[in-house]
>>> print(open('model.cif').read())   # mmCIF, C-alpha atoms and all ligand atoms
data_entry
#
loop_
_atom_site.label_atom_id
_atom_site.label_comp_id
_atom_site.auth_asym_id
_atom_site.auth_seq_id
_atom_site.Cartn_x
_atom_site.Cartn_y
_atom_site.Cartn_z
CA MET A 1312 -0.83 -36.58 -49.00
CA ASP A 1313 -1.83 -38.64 -52.02
CA MET A 1314 -1.51 -42.41 -51.92
CA ALA A 1315 1.50 -42.75 -54.22
CA THR A 1316 3.43 -40.19 -52.18
CA ALA A 1317 2.51 -41.91 -48.92
CA ILE A 1318 3.69 -45.26 -50.26
CA ARG A 1319 6.93 -43.87 -51.69
CA THR A 1320 7.90 -41.70 -48.75
CA ARG A 1321 6.90 -43.90 -45.80
CA ARG A 1322 10.06 -45.07 -44.03
CA SER A 1323 10.73 -46.96 -40.86
CA HIS A 1324 11.39 -44.59 -37.99
CA LYS A 1325 12.73 -45.25 -34.51
CA LEU A 1326 13.66 -41.76 -33.48
CA PHE A 1327 10.56 -39.88 -32.35
CA THR A 1328 9.91 -36.47 -30.84
CA GLY A 1329 7.94 -37.60 -27.79
CA GLU A 1330 4.69 -36.20 -29.14
CA VAL A 1331 1.64 -38.10 -27.95
CA VAL A 1332 -0.45 -39.82 -30.62
CA PRO A 1333 -4.04 -38.97 -29.70
CA ASP A 1334 -6.30 -41.94 -28.96
CA ARG A 1335 -8.62 -40.83 -31.73
CA LEU A 1336 -5.84 -41.31 -34.31
CA LEU A 1337 -4.84 -44.70 -32.92
CA ALA A 1338 -8.51 -45.72 -33.18
CA GLU A 1339 -8.72 -44.36 -36.72
CA TRP A 1340 -5.64 -46.31 -37.82
CA VAL A 1341 -7.06 -49.50 -36.33
CA GLU A 1342 -10.31 -48.86 -38.20
CA LEU A 1343 -8.38 -48.34 -41.44
CA ALA A 1344 -6.42 -51.55 -40.80
CA THR A 1345 -9.69 -53.48 -40.82
CA TRP A 1346 -10.24 -52.53 -44.48
CA ALA A 1347 -7.29 -54.67 -45.57
CA PRO A 1348 -7.98 -57.55 -47.95
CA ASN A 1349 -8.71 -60.89 -46.30
CA HIS A 1350 -9.65 -64.17 -47.89
CA LYS A 1351 -13.05 -65.67 -47.02
CA PHE A 1352 -13.84 -62.71 -44.78
CA THR A 1353 -12.01 -64.25 -41.86
CA GLU A 1354 -11.08 -60.75 -40.67
CA PRO A 1355 -8.18 -62.37 -38.83
CA TRP A 1356 -6.73 -59.21 -37.28
CA ARG A 1357 -6.97 -58.42 -33.61
CA PHE A 1358 -5.39 -55.32 -32.12
CA THR A 1359 -3.85 -54.38 -28.82
CA VAL A 1360 -3.44 -50.63 -28.59
CA VAL A 1361 -0.81 -49.08 -26.36
CA PRO A 1362 -1.63 -45.40 -25.99
CA HIS A 1363 1.14 -43.07 -24.92
CA ARG A 1364 0.17 -43.36 -21.24
CA ALA A 1365 0.65 -47.15 -21.37
CA LEU A 1366 4.10 -47.09 -23.01
CA PRO A 1367 5.88 -47.24 -19.61
CA SER A 1368 4.03 -50.51 -18.93
CA LEU A 1369 5.33 -51.89 -22.24
CA VAL A 1370 8.88 -50.88 -21.33
CA ALA A 1371 8.48 -52.54 -17.94
CA ALA A 1372 7.08 -55.74 -19.47
CA ILE A 1373 9.93 -55.90 -21.98
CA GLY A 1374 12.47 -55.23 -19.20
CA ARG A 1375 11.05 -58.04 -17.06
CA ALA A 1376 11.02 -60.44 -20.00
CA LEU A 1377 14.61 -59.67 -20.95
CA GLN A 1378 15.73 -59.98 -17.34
CA ALA A 1379 14.07 -63.39 -17.04
CA GLN A 1380 15.81 -64.68 -20.18
CA SER A 1381 18.25 -67.18 -18.71
CA ASP A 1382 20.56 -67.27 -21.76
CA LEU A 1383 21.08 -63.49 -21.69
CA PRO A 1384 23.77 -62.03 -19.41
CA ALA A 1385 22.40 -59.35 -17.07
CA GLU A 1386 24.55 -56.69 -18.71
CA LYS A 1387 23.16 -57.50 -22.17
CA SER A 1388 19.57 -57.58 -20.98
CA ARG A 1389 20.03 -54.18 -19.33
CA ALA A 1390 21.58 -52.73 -22.48
CA GLN A 1391 18.77 -54.07 -24.66
CA THR A 1392 16.12 -52.79 -22.26
CA ASP A 1393 17.76 -49.35 -22.22
CA LYS A 1394 17.85 -49.27 -26.02
CA ILE A 1395 14.16 -50.13 -26.33
CA ALA A 1396 13.25 -47.76 -23.48
CA ALA A 1397 15.02 -44.94 -25.34
CA ILE A 1398 13.01 -45.63 -28.49
CA LEU A 1399 9.73 -45.86 -26.60
CA ALA A 1400 10.51 -42.71 -24.62
CA GLY A 1401 10.12 -40.81 -27.86
CA ALA A 1402 7.21 -42.82 -29.22
CA GLY A 1403 3.63 -41.62 -29.12
CA GLY A 1404 1.89 -45.00 -29.00
CA ALA A 1405 1.99 -48.52 -30.39
CA ILE A 1406 -0.36 -51.06 -31.90
CA ALA A 1407 0.17 -54.82 -31.82
CA VAL A 1408 -1.52 -56.89 -34.52
CA ARG A 1409 -2.51 -60.41 -33.48
CA GLN A 1410 -3.65 -63.03 -35.95
CA SER A 1411 -6.71 -64.84 -34.65
CA VAL A 1412 -7.20 -68.59 -35.00
CA HIS A 1413 -9.40 -70.07 -37.73
CA GLY A 1414 -8.75 -73.78 -37.45
CA ALA A 1415 -5.57 -75.66 -38.25
CA ASP A 1416 -5.64 -75.50 -42.05
CA PRO A 1417 -2.13 -74.28 -43.01
CA GLU A 1418 -3.39 -72.55 -46.15
CA ARG A 1419 -5.93 -70.57 -44.12
CA GLN A 1420 -3.24 -69.67 -41.64
CA ARG A 1421 -0.94 -68.45 -44.40
CA GLU A 1422 -3.71 -66.36 -45.90
CA ASP A 1423 -4.70 -64.93 -42.54
CA TYR A 1424 -1.09 -64.04 -41.82
CA ALA A 1425 -0.85 -62.27 -45.19
CA ALA A 1426 -4.05 -60.37 -44.42
CA CYS A 1427 -2.65 -59.23 -41.07
CA ALA A 1428 0.50 -58.02 -42.82
CA CYS A 1429 -1.72 -55.93 -45.10
CA ALA A 1430 -3.47 -54.54 -42.02
CA ILE A 1431 -0.09 -53.49 -40.62
CA GLN A 1432 0.80 -51.76 -43.87
CA ASN A 1433 -2.53 -49.90 -43.67
CA ILE A 1434 -1.63 -48.67 -40.17
CA GLN A 1435 1.82 -47.51 -41.26
CA LEU A 1436 0.56 -45.73 -44.36
CA ALA A 1437 -2.42 -44.14 -42.58
CA ALA A 1438 -0.13 -42.85 -39.83
CA TRP A 1439 2.39 -41.53 -42.35
CA ALA A 1440 -0.28 -39.79 -44.38
CA GLN A 1441 -1.15 -37.91 -41.18
CA GLY A 1442 2.46 -37.04 -40.43
CA PHE A 1443 3.37 -39.86 -38.02
CA GLY A 1444 6.26 -42.24 -38.54
CA SER A 1445 6.39 -45.84 -37.42
CA TYR A 1446 8.26 -49.07 -37.51
CA TRP A 1447 7.05 -52.63 -37.56
CA THR A 1448 8.91 -54.88 -35.18
CA THR A 1449 8.98 -58.64 -34.89
CA SER A 1450 11.83 -58.52 -32.41
CA ASP A 1451 11.60 -61.22 -29.79
CA ALA A 1452 11.85 -58.53 -27.12
CA PHE A 1453 8.47 -57.21 -28.32
CA ILE A 1454 6.63 -60.30 -29.50
CA GLY A 1455 8.32 -63.19 -27.69
CA PRO A 1456 6.17 -65.50 -25.52
CA ALA A 1457 7.10 -63.59 -22.37
CA LEU A 1458 4.97 -60.71 -23.67
CA ASP A 1459 1.88 -62.84 -24.41
CA VAL A 1460 0.06 -61.73 -21.28
CA PHE A 1461 0.88 -58.08 -21.88
CA TRP A 1462 -0.57 -58.23 -25.40
CA HIS A 1463 -3.64 -60.22 -24.27
CA LYS A 1464 -2.67 -62.85 -26.82
CA ALA A 1465 -5.16 -65.74 -26.80
CA PRO A 1466 -3.89 -69.32 -27.13
CA GLY A 1467 -3.10 -70.12 -30.75
CA GLU A 1468 -3.01 -66.50 -31.87
CA VAL A 1469 0.10 -65.27 -33.67
CA LEU A 1470 1.65 -61.90 -32.97
CA VAL A 1471 2.30 -60.63 -36.46
CA GLY A 1472 4.05 -57.54 -35.26
CA VAL A 1473 4.08 -54.43 -33.16
CA VAL A 1474 3.89 -51.06 -34.87
CA VAL A 1475 5.66 -48.39 -32.84
CA LEU A 1476 4.30 -44.98 -33.77
CA GLY A 1477 5.28 -41.39 -33.21
CA ARG A 1478 6.19 -38.07 -34.74
CA ALA A 1479 9.44 -38.74 -36.60
CA ALA A 1480 12.37 -36.70 -35.31
CA VAL A 1481 14.54 -37.17 -38.39
CA GLU A 1482 14.01 -37.76 -42.07
CA ASN A 1483 14.96 -41.29 -43.06
CA LYS A 1484 16.22 -41.97 -46.54
CA ALA A 1485 14.88 -44.83 -48.62
CA VAL A 1486 17.06 -47.82 -49.35
CA ARG A 1487 16.12 -49.68 -52.51
CA TYR A 1488 18.72 -51.70 -54.41
CA LYS A 1489 16.58 -53.24 -57.09
CA LYS A 1490 14.75 -51.58 -59.95
CA PRO A 1491 11.17 -52.68 -60.64
CA GLU A 1492 12.28 -53.82 -64.13
CA GLU A 1493 14.67 -56.32 -62.52
CA LEU A 1494 11.83 -57.79 -60.50
CA THR A 1495 9.12 -57.97 -63.10
CA ILE A 1496 8.10 -60.25 -65.94
CA TRP A 1497 5.71 -58.66 -68.44
CA LEU A 1498 3.56 -61.09 -70.37
CA ASP A 1499 2.54 -58.81 -73.20
CA VAL A 1500 5.06 -60.28 -75.68
CA PRO A 1501 3.80 -63.45 -77.35
CA GLU A 1502 6.06 -66.34 -76.41
CA ILE A 1503 6.88 -68.98 -79.01
CA GLY A 1504 6.03 -72.52 -78.00
CA VAL A 1505 3.73 -71.66 -75.09
C1 LIG B 1 7.83 -58.73 -41.23
C2 LIG B 1 8.69 -57.55 -40.88
C3 LIG B 1 9.39 -57.54 -39.70
C4 LIG B 1 10.19 -56.46 -39.33
N1 LIG B 1 10.83 -56.47 -38.15
C5 LIG B 1 11.61 -55.44 -37.79
C6 LIG B 1 12.28 -55.46 -36.53
O1 LIG B 1 12.17 -56.41 -35.75
N2 LIG B 1 13.03 -54.39 -36.21
C7 LIG B 1 13.17 -53.33 -37.07
O2 LIG B 1 13.88 -52.40 -36.73
N3 LIG B 1 12.52 -53.26 -38.25
C8 LIG B 1 11.76 -54.30 -38.63
N4 LIG B 1 11.08 -54.26 -39.83
C9 LIG B 1 11.18 -53.07 -40.66
C10 LIG B 1 12.15 -53.28 -41.81
O3 LIG B 1 13.46 -53.44 -41.31
C11 LIG B 1 12.06 -52.09 -42.76
O4 LIG B 1 10.77 -52.05 -43.31
C12 LIG B 1 13.11 -52.19 -43.85
O5 LIG B 1 14.38 -51.89 -43.35
C13 LIG B 1 12.83 -51.26 -45.03
O6 LIG B 1 12.87 -49.92 -44.58
P1 LIG B 1 11.64 -48.92 -44.79
O7 LIG B 1 10.51 -49.45 -43.94
O8 LIG B 1 12.14 -47.61 -44.31
O9 LIG B 1 11.30 -48.93 -46.24
C14 LIG B 1 10.29 -55.33 -40.21
C15 LIG B 1 9.58 -55.34 -41.41
C16 LIG B 1 8.79 -56.42 -41.74
C17 LIG B 1 8.02 -56.41 -43.05
#
>>> encode(input="model.cif", output="structure tokens")
Amino acid sequence: MDMATAIRTRRSHKLFTGEVVPDRLLAEWVELATWAPNHKFTEPWRFTVVPHRALPSLVAAIGRALQAQSDLPAEKSRAQTDKIAAILAGAGGAIAVRQSVHGADPERQREDYAACACAIQNIQLAAWAQGFGSYWTTSDAFIGPALDVFWHKAPGEVLVGVVVLGRAAVENKAVRYKKPEELTIWLDVPEIGV
């Protein structure tokens, strides 16, 4: 698949076939993530890989975290756990991207966060180019503090997202409301008074 096609046709997927994503592909997508742009070579990305065989542990950790949430009625926490368990039952693996700590400079932190977002996009596009769908989640159920231990998140690190990966079971249609022309200013026309 060429790059333009991968970019245009990649969609978020949550319905997967249950096919295992081989470790070698998860490792390859992590390696490709590390080629993302990053300012000052901070290489801020850290990864926690959940191969298919570890997905039940993720479901269990999420279930425990939701159950322990005091503001959530038991019925709701069960329903949310079941929903996530159903998604992960079809998934083939997952990769969490953690942003490492490089001091307290807010500009550095913003740049590192942006770099980690690029790394996530690399994972999603690399997976898609090899026929695997994914979605990026920042849902509290996945990245809330109750999951810090599961993800091996070090103090001060930021969980930028979890990418759930698998062979897509359905074709998802793109939703785009805005045309590029509506979003773009071209500066090739000389402006009077500038
Ligand atoms: C920072 C970020 C956080 C996201 N968090 C979630 C999420 O928690 N749950 C979810 O289902 N999708 C999440 N998404 C995926 C978007 O909802 C999705 O990309 C969007 O609907 C556009 O659809 P597409 O990916 O198919 O183009 C997130 C995307 C980004 C960039």
>>> closest_atom_pairs(input="model.cif", of="chain A", to="ligand LIG 1 (chain B)", cutoff="6 Å", atoms="only C-alpha atoms and all ligand atoms", output="JSON lines")
{"residue": "A:Arg1322", "atom": "CA", "partner": "B:LIG1", "partner_atom": "O8", "distance": 3.3}
{"residue": "A:Ser1323", "atom": "CA", "partner": "B:LIG1", "partner_atom": "O8", "distance": 3.8}
{"residue": "A:Tyr1446", "atom": "CA", "partner": "B:LIG1", "partner_atom": "C9", "distance": 5.9}
{"residue": "A:Trp1447", "atom": "CA", "partner": "B:LIG1", "partner_atom": "N4", "distance": 4.9}
{"residue": "A:Thr1448", "atom": "CA", "partner": "B:LIG1", "partner_atom": "O1", "distance": 3.6}
{"residue": "A:Thr1449", "atom": "CA", "partner": "B:LIG1", "partner_atom": "O1", "distance": 4.0}
{"residue": "A:Ser1450", "atom": "CA", "partner": "B:LIG1", "partner_atom": "O1", "distance": 4.0}
{"residue": "A:Ala1485", "atom": "CA", "partner": "B:LIG1", "partner_atom": "O8", "distance": 5.8}
>>> closest_residue(input="model.cif", among="A:Glu1468, A:Glu1492, A:Glu1502, A:Asp1382", to="Arg1357 in chain A", atoms="all atoms listed in the file")
A:Glu1468
>>> residues_around(input="model.cif", residues="Met1314 in chain A", least_positions_apart="2", cutoff="12 Å", atoms="all atoms listed in the file", output="list of chain:residue names")
A:Met1312, A:Thr1316, A:Ala1317, A:Ile1318, A:Arg1319, A:Thr1320, A:Arg1321, A:Asn1433, A:Leu1436, A:Ala1437, A:Trp1439, A:Ala1440, A:Gln1441
>>> atom_distance(input="model.cif", atom1="CA of Ala1480 in chain A", atom2="CA of Leu1369 in chain A")
21.2 Å
>>> closest_atom_pairs(input="model.cif", of="range 1369-1488 of chain A", to="range 1334-1356 of chain A", cutoff="10 Å", atoms="all atoms listed in the file", output="tab-separated table")
residue	atom	partner	partner_atom	distance
A:Gly1403	CA	A:Leu1337	CA	9.8
A:Gly1404	CA	A:Leu1337	CA	7.8
A:Ala1405	CA	A:Leu1337	CA	8.2
A:Ile1406	CA	A:Leu1337	CA	7.8
A:Ala1407	CA	A:Trp1356	CA	9.8
A:Val1408	CA	A:Trp1356	CA	6.3
A:Arg1409	CA	A:Trp1356	CA	5.8
A:Gln1410	CA	A:Trp1356	CA	5.1
A:Ser1411	CA	A:Pro1355	CA	5.1
A:Val1412	CA	A:Pro1355	CA	7.4
A:His1413	CA	A:Thr1353	CA	7.6
A:Arg1419	CA	A:His1350	CA	8.3
A:Gln1420	CA	A:Pro1355	CA	9.3
A:Glu1422	CA	A:His1350	CA	6.6
A:Asp1423	CA	A:Pro1355	CA	5.7
A:Tyr1424	CA	A:Pro1355	CA	7.9
A:Ala1425	CA	A:Asn1349	CA	8.1
A:Ala1426	CA	A:Asn1349	CA	5.1
A:Cys1427	CA	A:Trp1356	CA	5.6
A:Ala1428	CA	A:Ala1347	CA	8.9
A:Cys1429	CA	A:Ala1347	CA	5.7
A:Ala1430	CA	A:Ala1344	CA	4.4
A:Ile1431	CA	A:Ala1344	CA	6.6
A:Gln1432	CA	A:Ala1344	CA	7.8
A:Asn1433	CA	A:Ala1344	CA	5.1
A:Ile1434	CA	A:Trp1340	CA	5.2
A:Gln1435	CA	A:Trp1340	CA	8.3
A:Leu1436	CA	A:Trp1340	CA	9.0
A:Ala1437	CA	A:Trp1340	CA	6.1
A:Ala1438	CA	A:Trp1340	CA	6.8
A:Gln1441	CA	A:Leu1336	CA	9.0
A:Glu1468	CA	A:Pro1355	CA	9.6
A:Val1469	CA	A:Trp1356	CA	9.8
A:Leu1470	CA	A:Trp1356	CA	9.8
A:Val1471	CA	A:Trp1356	CA	9.2
A:Leu1476	CA	A:Leu1337	CA	9.2
>>> residues_around(input="model.cif", residues="Arg1389 in chain A", least_positions_apart="2", cutoff="12 Å", atoms="all atoms listed in the file", output="list in words")
Val1370, Ala1371, Ile1373, Gly1374, Arg1375, Ala1376, Leu1377, Gln1378, Ala1379, Gln1380, Leu1383, Pro1384, Ala1385, Glu1386, Lys1387, Gln1391, Thr1392, Asp1393, Lys1394, Ile1395 and Ala1396 of chain A
>>> write_last_selection(input="model.cif", atoms="C-alpha atoms", output="mmCIF file, keeping the file's coordinate frame")
data_model
loop_
_atom_site.group_PDB
_atom_site.id
_atom_site.type_symbol
_atom_site.label_atom_id
_atom_site.label_comp_id
_atom_site.auth_asym_id
_atom_site.auth_seq_id
_atom_site.Cartn_x
_atom_site.Cartn_y
_atom_site.Cartn_z
ATOM 1 C CA VAL A 1370 8.880 -50.880 -21.330
ATOM 2 C CA ALA A 1371 8.480 -52.540 -17.940
ATOM 3 C CA ILE A 1373 9.930 -55.900 -21.980
ATOM 4 C CA GLY A 1374 12.470 -55.230 -19.200
ATOM 5 C CA ARG A 1375 11.050 -58.040 -17.060
ATOM 6 C CA ALA A 1376 11.020 -60.440 -20.000
ATOM 7 C CA LEU A 1377 14.610 -59.670 -20.950
ATOM 8 C CA GLN A 1378 15.730 -59.980 -17.340
ATOM 9 C CA ALA A 1379 14.070 -63.390 -17.040
ATOM 10 C CA GLN A 1380 15.810 -64.680 -20.180
ATOM 11 C CA LEU A 1383 21.080 -63.490 -21.690
ATOM 12 C CA PRO A 1384 23.770 -62.030 -19.410
ATOM 13 C CA ALA A 1385 22.400 -59.350 -17.070
ATOM 14 C CA GLU A 1386 24.550 -56.690 -18.710
ATOM 15 C CA LYS A 1387 23.160 -57.500 -22.170
ATOM 16 C CA GLN A 1391 18.770 -54.070 -24.660
ATOM 17 C CA THR A 1392 16.120 -52.790 -22.260
ATOM 18 C CA ASP A 1393 17.760 -49.350 -22.220
ATOM 19 C CA LYS A 1394 17.850 -49.270 -26.020
ATOM 20 C CA ILE A 1395 14.160 -50.130 -26.330
ATOM 21 C CA ALA A 1396 13.250 -47.760 -23.480
#
